[in-house]
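Q: What follows is target.cif, mmCIF, C-alpha atoms and all ligand atoms.
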data_protein
#
loop_
_atom_site.label_atom_id
_atom_site.label_comp_id
_atom_site.auth_asym_id
_atom_site.auth_seq_id
_atom_site.Cartn_x
_atom_site.Cartn_y
_atom_site.Cartn_z
CA MET U 1 131.85 123.99 79.36
CA SER U 2 128.59 122.52 80.51
CA SER U 3 128.07 118.78 80.44
CA TRP U 4 125.13 116.39 80.64
CA LYS U 5 126.73 115.35 83.95
CA ASP U 6 125.55 118.66 85.47
CA ASN U 7 121.95 117.61 84.93
CA ILE U 8 122.09 114.26 86.63
CA ARG U 9 120.50 113.82 90.05
CA LYS U 10 123.26 112.79 92.45
CA VAL U 11 122.16 110.89 95.53
CA VAL U 12 123.78 108.74 98.18
CA PRO U 13 121.46 105.72 98.35
CA TYR U 14 120.36 103.63 101.30
CA VAL U 15 122.38 100.42 101.53
CA PRO U 16 120.36 97.40 102.73
CA GLY U 17 121.92 94.44 104.53
CA GLU U 18 123.53 91.88 102.24
CA GLN U 19 121.59 88.94 100.76
CA PRO U 20 124.38 86.42 100.10
CA LYS U 21 123.61 83.28 98.14
CA ILE U 22 125.77 81.05 100.32
CA LYS U 23 124.35 77.68 101.33
CA ASN U 24 123.74 76.84 104.99
CA ILE U 25 124.40 80.36 106.12
CA VAL U 26 122.73 81.55 109.33
CA LYS U 27 121.26 84.82 108.14
CA LEU U 28 120.48 87.15 111.02
CA ASN U 29 121.19 90.51 109.35
CA THR U 30 117.99 91.88 107.79
CA ASN U 31 115.24 91.11 110.32
CA GLU U 32 113.42 88.65 108.10
CA CYS U 33 111.11 86.11 109.71
CA PRO U 34 112.91 82.78 110.34
CA TYR U 35 109.72 80.82 109.58
CA PRO U 36 108.01 80.36 106.22
CA PRO U 37 104.82 82.31 105.48
CA SER U 38 101.38 80.82 106.17
CA PRO U 39 100.78 77.67 104.06
CA ALA U 40 97.77 79.53 102.63
CA VAL U 41 100.19 81.84 100.80
CA GLU U 42 101.68 79.16 98.54
CA LYS U 43 98.20 78.01 97.56
CA ALA U 44 97.03 81.55 96.85
CA ILE U 45 100.04 82.25 94.60
CA ALA U 46 99.52 78.97 92.71
CA GLU U 47 95.82 79.80 92.23
CA GLN U 48 96.56 83.34 91.14
CA SER U 49 99.20 82.28 88.62
CA LYS U 50 96.59 80.04 86.95
CA ASN U 51 94.39 83.11 86.63
CA ASP U 52 94.95 85.73 84.04
CA LEU U 53 98.37 87.35 84.51
CA ARG U 54 97.79 88.97 81.12
CA LYS U 55 95.68 91.58 82.87
CA TYR U 56 96.76 94.46 85.06
CA PRO U 57 96.31 93.88 88.77
CA SER U 58 93.43 95.27 90.80
CA ILE U 59 93.60 99.02 91.31
CA THR U 60 91.45 98.97 94.42
CA CYS U 61 93.22 95.98 96.09
CA GLY U 62 89.77 95.33 97.59
CA GLU U 63 90.32 91.81 98.93
CA LEU U 64 93.50 92.75 100.72
CA LYS U 65 91.84 95.83 102.21
CA THR U 66 88.91 93.71 103.41
CA ALA U 67 91.34 91.29 105.09
CA LEU U 68 93.16 94.16 106.85
CA GLU U 69 89.88 95.72 107.97
CA LYS U 70 89.16 92.55 109.97
CA ILE U 71 92.32 93.28 111.99
CA TYR U 72 92.52 97.09 112.21
CA PRO U 73 89.81 99.69 112.87
CA VAL U 74 89.95 101.19 109.37
CA THR U 75 87.84 101.40 106.22
CA ASP U 76 88.85 101.15 102.53
CA ASP U 77 89.41 104.89 102.26
CA MET U 78 91.76 104.83 105.29
CA LEU U 79 94.12 102.28 103.72
CA PHE U 80 96.92 102.75 101.22
CA LEU U 81 98.83 99.76 99.84
CA GLY U 82 102.29 99.82 98.34
CA ASN U 83 105.22 97.81 97.11
CA GLY U 84 106.84 97.23 100.51
CA SER U 85 106.64 99.76 103.33
CA ASP U 86 109.79 101.37 101.89
CA GLU U 87 107.76 102.50 98.91
CA VAL U 88 104.84 103.54 101.12
CA LEU U 89 107.21 105.60 103.29
CA ALA U 90 108.95 107.14 100.26
CA LEU U 91 105.55 108.26 98.92
CA CYS U 92 104.55 109.55 102.38
CA PHE U 93 107.69 111.70 102.52
CA MET U 94 106.90 113.08 99.07
CA THR U 95 103.25 113.74 99.95
CA TYR U 96 103.36 114.99 103.53
CA PHE U 97 106.71 116.68 104.09
CA ASN U 98 106.56 119.86 102.02
CA SER U 99 107.36 122.51 104.62
CA SER U 100 110.35 124.82 104.74
CA LYS U 101 110.75 123.77 108.39
CA PRO U 102 112.79 120.66 109.12
CA VAL U 103 111.31 117.19 109.51
CA LEU U 104 112.35 115.60 112.82
CA PHE U 105 113.49 112.04 113.50
CA PRO U 106 115.87 110.40 116.00
CA ASP U 107 119.64 110.51 115.42
CA ILE U 108 119.69 106.72 115.62
CA THR U 109 116.89 105.24 113.52
CA TYR U 110 116.10 103.68 110.15
CA SER U 111 118.76 105.16 107.89
CA PHE U 112 116.41 105.42 104.90
CA TYR U 113 114.75 108.52 106.42
CA ASP U 114 117.60 110.91 105.64
CA VAL U 115 118.01 109.33 102.18
CA TRP U 116 114.39 110.19 101.27
CA CYS U 117 114.83 113.70 102.69
CA ASP U 118 117.90 114.18 100.51
CA LEU U 119 116.13 112.73 97.47
CA TYR U 120 113.22 115.17 97.78
CA ASN U 121 115.23 118.12 99.16
CA ILE U 122 113.38 118.02 102.49
CA ARG U 123 115.15 119.77 105.37
CA TYR U 124 115.59 117.57 108.43
CA THR U 125 117.00 117.58 111.94
CA ARG U 126 118.22 114.47 113.74
CA VAL U 127 117.06 114.55 117.36
CA PRO U 128 119.44 112.71 119.74
CA LEU U 129 118.06 109.74 121.66
CA ASP U 130 118.77 109.88 125.42
CA GLU U 131 121.70 107.96 126.99
CA GLY U 132 119.50 104.85 127.25
CA PHE U 133 118.69 105.08 123.49
CA LYS U 134 115.13 106.17 124.26
CA ILE U 135 113.08 108.85 122.49
CA ARG U 136 112.21 111.85 124.71
CA PRO U 137 108.78 113.18 123.57
CA GLU U 138 109.60 116.70 124.80
CA ASP U 139 112.41 116.91 122.22
CA TYR U 140 109.66 116.96 119.56
CA TYR U 141 107.70 119.94 120.94
CA GLY U 142 109.49 122.61 118.86
CA GLU U 143 108.48 123.94 115.45
CA ASN U 144 108.99 121.43 112.65
CA GLY U 145 107.82 120.39 109.21
CA GLY U 146 106.69 116.88 110.23
CA ILE U 147 107.85 113.94 112.34
CA ILE U 148 108.72 110.32 111.58
CA ILE U 149 109.36 107.79 114.31
CA ALA U 150 109.95 104.05 113.98
CA ASN U 151 108.19 102.27 116.83
CA PRO U 152 109.78 99.97 117.94
CA ASN U 153 112.80 101.94 116.81
CA ALA U 154 115.48 100.33 114.64
CA PRO U 155 118.23 99.39 115.25
CA THR U 156 117.66 99.99 118.98
CA SER U 157 114.61 97.63 119.22
CA ILE U 158 113.11 99.88 121.94
CA TYR U 159 109.35 100.49 122.00
CA MET U 160 107.88 103.86 122.92
CA PRO U 161 104.54 103.57 124.79
CA LEU U 162 101.38 105.02 123.25
CA GLU U 163 101.22 107.75 125.92
CA SER U 164 104.49 109.16 124.54
CA ILE U 165 103.14 109.06 120.98
CA THR U 166 99.99 110.82 122.18
CA ASP U 167 102.18 113.42 123.88
CA ILE U 168 104.07 114.05 120.61
CA LEU U 169 100.79 114.23 118.67
CA ASP U 170 99.26 116.67 121.18
CA HIS U 171 102.21 119.02 120.67
CA ASN U 172 102.15 118.70 116.87
CA ARG U 173 98.58 119.13 115.63
CA ASP U 174 99.69 121.22 112.63
CA VAL U 175 102.11 118.75 110.97
CA ILE U 176 101.97 115.12 109.84
CA VAL U 177 103.33 112.54 112.29
CA ILE U 178 104.26 109.19 110.75
CA ILE U 179 104.72 106.15 112.98
CA ASP U 180 106.67 103.42 111.16
CA GLU U 181 105.48 100.18 112.76
CA ALA U 182 107.54 97.65 110.78
CA TYR U 183 108.24 95.73 114.03
CA ILE U 184 105.09 96.46 116.06
CA ASP U 185 103.80 92.86 116.10
CA PHE U 186 106.71 91.64 118.24
CA GLY U 187 105.72 93.38 121.46
CA GLY U 188 104.20 96.82 121.02
CA ILE U 189 100.69 98.23 120.78
CA SER U 190 99.89 99.84 117.44
CA ALA U 191 99.09 103.55 117.27
CA VAL U 192 96.26 102.68 114.86
CA SER U 193 93.73 103.18 117.70
CA LEU U 194 94.78 106.87 117.81
CA LEU U 195 93.64 107.51 114.22
CA GLU U 196 90.15 108.29 115.45
CA LYS U 197 91.42 111.20 117.53
CA TYR U 198 94.32 112.51 115.42
CA ASP U 199 93.71 113.49 111.79
CA ASN U 200 97.44 114.20 111.32
CA LEU U 201 98.62 110.67 112.19
CA VAL U 202 99.85 108.12 109.62
CA VAL U 203 100.65 104.54 110.71
CA VAL U 204 102.77 102.43 108.35
CA GLN U 205 103.13 98.64 108.59
CA THR U 206 104.57 95.83 106.46
CA PHE U 207 104.12 92.18 105.47
CA SER U 208 107.92 91.74 105.47
CA LYS U 209 108.53 90.88 109.11
CA SER U 210 105.78 89.25 111.22
CA ARG U 211 104.02 87.82 108.16
CA ALA U 212 107.22 86.40 106.68
CA LEU U 213 106.74 87.93 103.24
CA ALA U 214 109.71 90.24 102.65
CA GLY U 215 110.02 88.75 99.16
CA ILE U 216 106.57 89.81 97.96
CA ARG U 217 107.06 93.51 98.87
CA VAL U 218 103.78 94.66 100.38
CA GLY U 219 103.36 97.44 102.92
CA TYR U 220 100.47 99.72 103.91
CA ALA U 221 99.63 103.05 105.46
CA MET U 222 96.60 103.74 107.65
CA ALA U 223 95.34 107.31 108.13
CA ASN U 224 92.26 109.49 107.76
CA LYS U 225 90.71 109.49 104.30
CA GLU U 226 91.94 112.94 103.31
CA LEU U 227 95.56 111.94 103.94
CA ILE U 228 95.07 108.65 102.10
CA ALA U 229 93.50 110.43 99.11
CA ALA U 230 96.52 112.75 98.92
CA LEU U 231 98.86 109.75 99.01
CA GLU U 232 96.84 107.97 96.29
CA ALA U 233 97.05 111.07 94.08
CA VAL U 234 100.84 111.19 94.37
CA LYS U 235 101.12 107.44 93.73
CA ASN U 236 98.86 107.68 90.71
CA SER U 237 101.11 110.41 89.34
CA PHE U 238 103.98 107.95 89.53
CA ASN U 239 102.72 104.37 88.94
CA SER U 240 99.10 103.18 88.94
CA TYR U 241 99.90 99.53 89.64
CA THR U 242 102.44 99.31 92.42
CA ILE U 243 101.42 95.86 93.70
CA ASN U 244 101.42 92.90 91.31
CA SER U 245 98.63 90.27 91.29
CA LEU U 246 100.76 87.51 92.85
CA SER U 247 101.81 89.75 95.74
CA LEU U 248 98.23 90.85 96.29
CA ALA U 249 97.06 87.22 96.47
CA ALA U 250 99.91 86.27 98.81
CA ALA U 251 99.37 89.22 101.17
CA THR U 252 95.60 88.63 101.28
CA ALA U 253 96.12 84.96 102.23
CA ALA U 254 98.63 85.93 104.93
CA ALA U 255 96.38 88.65 106.34
CA ASN U 256 93.49 86.20 106.58
CA ASP U 257 95.55 83.61 108.48
CA THR U 258 95.72 85.47 111.78
CA VAL U 259 96.28 82.29 113.84
CA TYR U 260 99.48 81.41 111.96
CA TRP U 261 100.68 85.03 112.15
CA GLN U 262 100.21 85.26 115.91
CA ASP U 263 101.82 81.89 116.47
CA CYS U 264 104.89 83.05 114.49
CA CYS U 265 105.16 86.23 116.59
CA SER U 266 104.84 84.25 119.84
CA LYS U 267 107.59 81.81 118.85
CA ILE U 268 109.92 84.67 117.94
CA LYS U 269 109.25 86.43 121.25
CA VAL U 270 110.06 83.27 123.23
CA THR U 271 113.31 82.74 121.31
CA ARG U 272 114.20 86.43 121.73
CA GLU U 273 113.96 86.21 125.53
CA ARG U 274 116.06 83.03 125.55
CA LEU U 275 118.67 84.68 123.32
CA ILE U 276 118.84 87.73 125.60
CA GLN U 277 119.24 85.53 128.71
CA GLN U 278 122.02 83.51 127.11
CA LEU U 279 123.82 86.68 126.04
CA ASP U 280 123.37 88.11 129.57
CA ALA U 281 125.15 85.06 130.94
CA LEU U 282 128.06 85.80 128.58
CA GLY U 283 128.40 89.37 129.84
CA PHE U 284 126.45 91.14 127.09
CA ASP U 285 124.30 94.19 127.68
CA THR U 286 121.21 94.00 125.47
CA LEU U 287 118.66 96.79 125.11
CA PRO U 288 115.06 95.81 126.02
CA SER U 289 113.66 94.53 122.73
CA SER U 290 110.08 94.70 121.45
CA ALA U 291 111.19 93.73 117.94
CA ASN U 292 112.33 90.59 116.09
CA PHE U 293 115.94 91.65 116.60
CA ILE U 294 118.15 92.67 119.48
CA PHE U 295 120.81 95.36 119.86
CA THR U 296 123.62 94.20 122.07
CA SER U 297 127.13 95.05 123.26
CA ASN U 298 129.77 93.60 125.53
CA LYS U 299 132.34 95.95 127.03
CA ASN U 300 135.03 93.26 126.83
CA ILE U 301 134.46 92.61 123.14
CA ASN U 302 135.19 94.60 120.01
CA ALA U 303 131.86 94.45 118.14
CA LYS U 304 133.42 94.71 114.69
CA GLU U 305 135.81 91.87 115.44
CA LEU U 306 132.99 89.64 116.69
CA PHE U 307 130.92 90.56 113.61
CA GLU U 308 133.80 89.44 111.36
CA TYR U 309 134.40 86.26 113.37
CA LEU U 310 130.71 85.33 113.11
CA ARG U 311 130.74 86.04 109.39
CA LYS U 312 133.74 83.78 108.81
CA SER U 313 131.86 81.10 110.73
CA GLY U 314 128.80 81.44 108.45
CA ILE U 315 126.65 83.64 110.70
CA ILE U 316 125.72 87.07 109.36
CA VAL U 317 124.55 89.79 111.75
CA ARG U 318 124.60 93.59 111.32
CA TYR U 319 127.31 95.99 112.44
CA PHE U 320 126.92 99.77 111.97
CA ASP U 321 130.17 101.71 111.91
CA LYS U 322 128.50 104.87 113.23
CA PRO U 323 129.01 107.09 116.29
CA ARG U 324 127.24 105.93 119.49
CA ILE U 325 126.47 102.46 118.13
CA ASN U 326 129.78 101.12 116.79
CA ASP U 327 130.21 99.00 119.93
CA ARG U 328 127.01 97.04 119.27
CA LEU U 329 125.63 94.32 117.01
CA ARG U 330 122.09 94.09 115.71
CA ILE U 331 121.05 90.46 115.61
CA THR U 332 117.81 89.19 114.07
CA VAL U 333 116.00 86.59 116.17
CA GLY U 334 116.23 83.33 114.21
CA THR U 335 114.90 79.85 114.91
CA ASP U 336 115.93 78.07 118.13
CA GLU U 337 118.46 76.07 116.14
CA GLU U 338 119.99 79.20 114.61
CA THR U 339 120.12 80.80 118.05
CA ASP U 340 121.99 77.78 119.43
CA LYS U 341 124.54 78.05 116.59
CA LEU U 342 124.97 81.77 117.26
CA ILE U 343 125.52 81.29 120.99
CA ALA U 344 127.98 78.41 120.38
CA CYS U 345 129.92 80.60 117.96
CA ILE U 346 130.05 83.53 120.41
CA LYS U 347 131.28 81.12 123.12
CA SER U 348 134.03 79.86 120.84
CA TYR U 349 135.04 83.49 120.11
CA LEU U 350 135.18 84.25 123.84
CA SER U 351 137.32 81.21 124.57
CA LYS U 352 139.97 82.17 121.99
N1 LIG U 401 110.91 100.53 108.38
C1 LIG U 401 111.88 100.00 109.12
C2 LIG U 401 112.16 100.58 110.47
C3 LIG U 401 112.62 98.90 108.64
O1 LIG U 401 113.62 98.39 109.37
C4 LIG U 401 112.31 98.38 107.36
C5 LIG U 401 113.08 97.19 106.84
N2 LIG U 401 114.31 97.46 106.32
C6 LIG U 401 111.30 98.99 106.62
C7 LIG U 401 110.60 100.05 107.16
C8 LIG U 401 110.96 98.56 105.23
O2 LIG U 401 110.48 97.27 105.12
P1 LIG U 401 109.75 96.75 103.81
O3 LIG U 401 110.05 97.70 102.69
O4 LIG U 401 110.30 95.41 103.58
O5 LIG U 401 108.28 96.75 104.15
#
Will you turn the file into structure tokens for me?
Ligand code: PMP

A:
Amino acid sequence: MSSWKDNIRKVVPYVPGEQPKIKNIVKLNTNECPYPPSPAVEKAIAEQSKNDLRKYPSITCGELKTALEKIYPVTDDMLFLGNGSDEVLALCFMTYFNSSKPVLFPDITYSFYDVWCDLYNIRYTRVPLDEGFKIRPEDYYGENGGIIIANPNAPTSIYMPLESITDILDHNRDVIVIIDEAYIDFGGISAVSLLEKYDNLVVVQTFSKSRALAGIRVGYAMANKELIAALEAVKNSFNSYTINSLSLAAATAAANDTVYWQDCCSKIKVTRERLIQQLDALGFDTLPSSANFIFTSNKNINAKELFEYLRKSGIIVRYFDKPRINDRLRITVGTDEETDKLIACIKSYLSK
């Protein structure tokens, strides 16, 4: 007998890192910024909440686009804004990956990519990273239905230089190539400068990491106007108002405060190098990081055991029980104080 259960979409969802509500926890598991957002953000939200929340938010998001255009070489029609880069990416998958050939992405990368493929019935192939966890551009020369690459990659933290992205683009003029730059501000050079040359390139960024606004959920895509128009059409067939007024005000204030933003990134980079050095001294092997997190292992330590020990001690990092990476921990770069606590806790584990 048939049942309504037969007609339900069954999916295995992406599982984000936990957000525990425990006081005084050192939270280094979801790559949030350890510093508050620009002081201009609080003011902008307060101002906006005095304004008319009765009304729908702006459809054009003009002020935020203007702020972004001061930073990136794009115009209004080359910008698409969404409710976090997760939503922007989900809409990109729906809009751009409609081939019968498989979409390509690395075997070790952001684990939302295969979830979106499954959700939309997009075929995909996971391309293995090399032994050093690097992407080999030549592995992306074959026929495919599109490519998505996180740069820097997550959870590896490794940055792929622009020449390699150009190489991939040169071999893939007939499909869309998405570069997910969630972590680009911590050490890489954005592929946004390549938009002029490549009409099949989409660059996606977020306010969640370097601008310390994971809670307001704003992300954006930059691409040629035809691609952006296609993305807008899909979005407008789904939800006309993806970004609320308070988030728009907050993101605009953050985008305009470039000095604060760059200062935040610099502080995180300094702490990251100190963290890597201290881990080196304790026998850890850490991949070269261009992100606000590191990916580290120690051949004398069971990563899962250390993860659990840290957790019991009030420090949450990320452990992935997956082939090739189950001997490593992904650790978000926190404040200097949080880093000191982490190192002290690892030392106490080692001295057990
Ligand atoms: N891309 C990558 C590689 C990420 O790690 C994340 C954060 N989980 C995102 C995109 C999405 O970030 P957000 O939706 O907060 O913009």

Q: Could you check how far CA of Pro34 (chain U) sits from CA of Tyr159 (chain U), in Å to one decimal?

A: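 Atom-to-atom, CA of Pro34 (chain U) and CA of Tyr159 (chain U) are spaced 21.5 Å apart.
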
Q: Figure out the distance between CA of Thr339 (chain U) and CA of Gln277 (chain U), please, to one decimal in Å.

A: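 Computing the Euclidean distance for CA of Gln277 (chain U) and CA of Thr339 (chain U) yields 11.7 Å.
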
Q: Near Thr332 (chain U), counting all atoms listed in the file, which residues have an atom at most 8 Å away, once you skip same-chain residues fewer than 4 positions from it, shown as a PyMOL selection string?

A: chain U and resi 28-32+292-294+317

Q: Which residues of chain U sit at most 9 Å from ligand LIG 401 (chain U), using only C-alpha atoms and all ligand atoms? Give each one's shortest atom pair and distance in Å (one decimal place), in chain and ascending residue order, as JSON lines.

A:
{"residue": "U:Pro16", "atom": "CA", "partner": "U:LIG401", "partner_atom": "N2", "distance": 7.0}
{"residue": "U:Gly17", "atom": "CA", "partner": "U:LIG401", "partner_atom": "N2", "distance": 8.4}
{"residue": "U:Thr30", "atom": "CA", "partner": "U:LIG401", "partner_atom": "N2", "distance": 6.8}
{"residue": "U:Asn31", "atom": "CA", "partner": "U:LIG401", "partner_atom": "C5", "distance": 7.3}
{"residue": "U:Glu32", "atom": "CA", "partner": "U:LIG401", "partner_atom": "C5", "distance": 8.6}
{"residue": "U:Gly82", "atom": "CA", "partner": "U:LIG401", "partner_atom": "O5", "distance": 8.9}
{"residue": "U:Asn83", "atom": "CA", "partner": "U:LIG401", "partner_atom": "O3", "distance": 7.4}
{"residue": "U:Gly84", "atom": "CA", "partner": "U:LIG401", "partner_atom": "O3", "distance": 3.9}
{"residue": "U:Ser85", "atom": "CA", "partner": "U:LIG401", "partner_atom": "O5", "distance": 3.5}
{"residue": "U:Asp86", "atom": "CA", "partner": "U:LIG401", "partner_atom": "O3", "distance": 3.8}
{"residue": "U:Glu87", "atom": "CA", "partner": "U:LIG401", "partner_atom": "O3", "distance": 6.5}
{"residue": "U:Val88", "atom": "CA", "partner": "U:LIG401", "partner_atom": "O3", "distance": 8.0}
{"residue": "U:Leu89", "atom": "CA", "partner": "U:LIG401", "partner_atom": "C7", "distance": 7.6}
{"residue": "U:Thr109", "atom": "CA", "partner": "U:LIG401", "partner_atom": "C2", "distance": 7.3}
{"residue": "U:Tyr110", "atom": "CA", "partner": "U:LIG401", "partner_atom": "C2", "distance": 5.0}
{"residue": "U:Ser111", "atom": "CA", "partner": "U:LIG401", "partner_atom": "C2", "distance": 8.4}
{"residue": "U:Phe112", "atom": "CA", "partner": "U:LIG401", "partner_atom": "N1", "distance": 8.1}
{"residue": "U:Ile149", "atom": "CA", "partner": "U:LIG401", "partner_atom": "C2", "distance": 8.6}
{"residue": "U:Ala150", "atom": "CA", "partner": "U:LIG401", "partner_atom": "C2", "distance": 5.4}
{"residue": "U:Asn151", "atom": "CA", "partner": "U:LIG401", "partner_atom": "C2", "distance": 7.7}
{"residue": "U:Pro152", "atom": "CA", "partner": "U:LIG401", "partner_atom": "C2", "distance": 7.9}
{"residue": "U:Asn153", "atom": "CA", "partner": "U:LIG401", "partner_atom": "C2", "distance": 6.5}
{"residue": "U:Ala154", "atom": "CA", "partner": "U:LIG401", "partner_atom": "C2", "distance": 5.3}
{"residue": "U:Pro155", "atom": "CA", "partner": "U:LIG401", "partner_atom": "O1", "distance": 7.5}
{"residue": "U:Asp180", "atom": "CA", "partner": "U:LIG401", "partner_atom": "N1", "distance": 5.8}
{"residue": "U:Glu181", "atom": "CA", "partner": "U:LIG401", "partner_atom": "N1", "distance": 7.0}
{"residue": "U:Ala182", "atom": "CA", "partner": "U:LIG401", "partner_atom": "N1", "distance": 5.0}
{"residue": "U:Tyr183", "atom": "CA", "partner": "U:LIG401", "partner_atom": "C2", "distance": 7.2}
{"residue": "U:Val204", "atom": "CA", "partner": "U:LIG401", "partner_atom": "C7", "distance": 8.3}
{"residue": "U:Gln205", "atom": "CA", "partner": "U:LIG401", "partner_atom": "O5", "distance": 7.1}
{"residue": "U:Thr206", "atom": "CA", "partner": "U:LIG401", "partner_atom": "O5", "distance": 4.5}
{"residue": "U:Phe207", "atom": "CA", "partner": "U:LIG401", "partner_atom": "O5", "distance": 6.3}
{"residue": "U:Ser208", "atom": "CA", "partner": "U:LIG401", "partner_atom": "O4", "distance": 4.8}
{"residue": "U:Lys209", "atom": "CA", "partner": "U:LIG401", "partner_atom": "O4", "distance": 7.4}
{"residue": "U:Leu213", "atom": "CA", "partner": "U:LIG401", "partner_atom": "O4", "distance": 8.3}
{"residue": "U:Ala214", "atom": "CA", "partner": "U:LIG401", "partner_atom": "O4", "distance": 5.3}
{"residue": "U:Gly215", "atom": "CA", "partner": "U:LIG401", "partner_atom": "O4", "distance": 8.0}
{"residue": "U:Ile216", "atom": "CA", "partner": "U:LIG401", "partner_atom": "O4", "distance": 8.8}
{"residue": "U:Arg217", "atom": "CA", "partner": "U:LIG401", "partner_atom": "O4", "distance": 6.0}
{"residue": "U:Val218", "atom": "CA", "partner": "U:LIG401", "partner_atom": "O5", "distance": 6.2}
{"residue": "U:Gly219", "atom": "CA", "partner": "U:LIG401", "partner_atom": "O5", "distance": 5.1}
{"residue": "U:Tyr220", "atom": "CA", "partner": "U:LIG401", "partner_atom": "O5", "distance": 8.4}

Q: Counting all atoms listed in the file, what is within 12 Å of Gly132 (chain U), bar same-chain residues fewer than 2 positions away, as a list in words?

A: Ile108, Pro128, Leu129, Asp130, Lys134, Ile135, Arg136, Thr156, Ser157, Ile158, Asp285, Thr286, Leu287, Pro288, Arg324 and Ile325 of chain U

Q: What is the distance, in Å and to one decimal place, between CA of Asn121 (chain U) and CA of Lys5 (chain U)?

A: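 Atom-to-atom, CA of Asn121 (chain U) to CA of Lys5 (chain U), that is 19.3 Å.
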
Q: Considering all atoms listed in the file, state which residue in the set U:Ala221, U:Glu308, U:Ser289, U:Arg211 is at the smallest distance from Lys65 (chain U).

A: U:Ala221

Q: Rank nothing, just name the residue among U:Leu231, U:Ile22, U:Val333, U:Leu350 nearest to Arg272 (chain U), using only C-alpha atoms.

A: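 Comparing U:Leu231, U:Ile22, U:Val333, U:Leu350 against Arg272 (chain U), the winner is U:Val333.
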
Q: Which one of U:Asn144, U:Ser266, U:Thr252, U:Asn326 sits closest to Asn302 (chain U) if you count all atoms listed in the file?

A: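 For Asn302 (chain U), the nearest of the candidates is U:Asn326.
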
Q: Given the point (99.3, 84.1, 117.0) in the file's coordinates, find the residues that have an atom at most 12 Å from it, counting all atoms listed in the file, and give them as a list in words.

A: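 Within 12 Å of (99.3, 84.1, 117.0), the protein and nucleic acid residues are Ser38, Asp185, Phe186, Ser210, Arg211, Ala255, Asp257, Thr258, Val259, Tyr260, Trp261, Gln262, Asp263, Cys264, Cys265, Ser266, Lys267, Ile268 and Lys269 of chain U.
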